[in-house]
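Worksheet for the structure shown next.
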Amino acid sequence: VLLKGYTLEPAGDDTTAPNQDKRIPQGLYNVAWHKSPRFKMTLPLLFNESVSRERFILIHAGNYPKHTEGCILLGDAHVSNGVFNSKTTLTKFLGLTKNQDFKVKIINEGV
């Protein structure tokens, strides 16, 4: 195991529709590296045949559901309403993956 932690996505139903603050469906996702003007850094952007790149599902730092905006947050600890140490966990994750080709498998557990 290279990195262990938790993720947080928006609560509720998942969808493939764009412009939604909702979870993406379970499945295998390709990763493209996206230069985010909002976060001022390059982040992994997830997409597949059902969820387009234009949905801009990023993996980024944040602690609570209000920070997700449809994206996936990382943390090394969790409680029922959030994840913690997100910036540190994201930094570790990016250190392991930056500019690498990889895929992300989404499994909705504890929904």
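Residue numbering restarts at 1 in every chain; chains get A, B, ... in the order shown in the structure tokens, and ligands count up from 1 in that same order.
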
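DSSP annotation of chain A from backbone atoms: alpha helix (DSSP H) residues are Ser86, Lys87, Thr88, Thr89, Leu90, Thr91, Lys92, Phe93, Leu94, Gly95, Leu96 and Thr97 of chain A.
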
Could those selected residues go to a file with N, CA and C atoms, as a compact mmCIF listing (two decimals), in the first residue's frame?
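Written file, part-v6.txt:
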```txt
# COMPACT_ATOMS: atom_id res chain seq x y z
N SER A 86 -6.73 16.91 4.65
CA SER A 86 -6.93 16.78 3.22
C SER A 86 -5.76 17.35 2.42
N LYS A 87 -5.24 18.51 2.77
CA LYS A 87 -4.14 19.11 2.01
C LYS A 87 -2.90 18.22 2.07
N THR A 88 -2.60 17.69 3.24
CA THR A 88 -1.44 16.80 3.40
C THR A 88 -1.65 15.52 2.60
N THR A 89 -2.84 14.94 2.66
CA THR A 89 -3.13 13.70 1.93
C THR A 89 -3.07 13.94 0.41
N LEU A 90 -3.62 15.06 -0.05
CA LEU A 90 -3.56 15.39 -1.47
C LEU A 90 -2.11 15.56 -1.92
N THR A 91 -1.30 16.23 -1.12
CA THR A 91 0.11 16.43 -1.46
C THR A 91 0.83 15.09 -1.59
N LYS A 92 0.57 14.17 -0.67
CA LYS A 92 1.17 12.83 -0.75
C LYS A 92 0.69 12.11 -2.01
N PHE A 93 -0.61 12.18 -2.28
CA PHE A 93 -1.19 11.52 -3.46
C PHE A 93 -0.58 12.07 -4.74
N LEU A 94 -0.47 13.39 -4.84
CA LEU A 94 0.10 14.00 -6.04
C LEU A 94 1.57 13.64 -6.18
N GLY A 95 2.29 13.52 -5.06
CA GLY A 95 3.68 13.11 -5.11
C GLY A 95 3.86 11.71 -5.69
N LEU A 96 2.88 10.86 -5.46
CA LEU A 96 2.93 9.49 -5.98
C LEU A 96 2.43 9.36 -7.41
N THR A 97 1.57 10.29 -7.84
CA THR A 97 0.89 10.12 -9.13
C THR A 97 1.18 11.19 -10.16
```

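Restricting the calculation to only C-alpha atoms, the smallest distance between Lys40 in chain A and any of A:Lys22, A:Ile107, A:Glu69, A:His60 is found for A:His60.
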
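Near Pro10 in chain A, within 10 Å and counting only C-alpha atoms, sit Gln20, Asp21, Lys22, Arg23, Ile24, Tyr64, Pro65, Lys66, His67, Thr68, Glu69, Gly70, Cys71, Ile72 and Leu73 of chain A, not including residues fewer than 5 positions from it in the same chain.
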
Write the residues you've just listed into a file as a short mmCIF file (atom, residue, chain, number, x, y, z; two decimals), in the first residue's frame, and include C-alpha atoms for each of them.
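File produced: again.cif:
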```cif
data_model
loop_
_atom_site.label_atom_id
_atom_site.label_comp_id
_atom_site.auth_asym_id
_atom_site.auth_seq_id
_atom_site.Cartn_x
_atom_site.Cartn_y
_atom_site.Cartn_z
CA GLN A 20 -24.39 18.81 -11.04
CA ASP A 21 -23.05 18.80 -7.48
CA LYS A 22 -23.60 15.04 -7.29
CA ARG A 23 -21.57 11.87 -7.06
CA ILE A 24 -20.28 10.14 -10.15
CA TYR A 64 -16.72 18.75 4.18
CA PRO A 65 -19.48 18.04 1.65
CA LYS A 66 -19.81 21.77 0.89
CA HIS A 67 -16.24 21.65 -0.51
CA THR A 68 -16.89 18.84 -3.00
CA GLU A 69 -18.87 20.68 -5.71
CA GLY A 70 -19.19 17.33 -7.50
CA CYS A 71 -15.52 16.45 -7.03
CA ILE A 72 -13.64 13.97 -4.85
CA LEU A 73 -11.87 15.04 -1.66
#
```

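Atom pair CA of Ser50 in chain A / CA of His78 in chain A has a distance of 29.1 Å (rounded to one decimal).
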
Just the strand (DSSP E) stuff from chain A, please, per backbone DSSP, written as a ChimeraX atom specification. /A:6-8,27-36,41-47,57-60,72-75,77-79,82-84,103-106

Can you pull out the residues contacting Asn108 in chain A? Cut-off 10 Å, using only C-alpha atoms, and skip same-chain residues under 6 positions away; I want them as a list of chain:residue names. A:Glu9, A:Asp14, A:Arg23, A:Ile24, A:Pro25, A:Gln26, A:Gly27
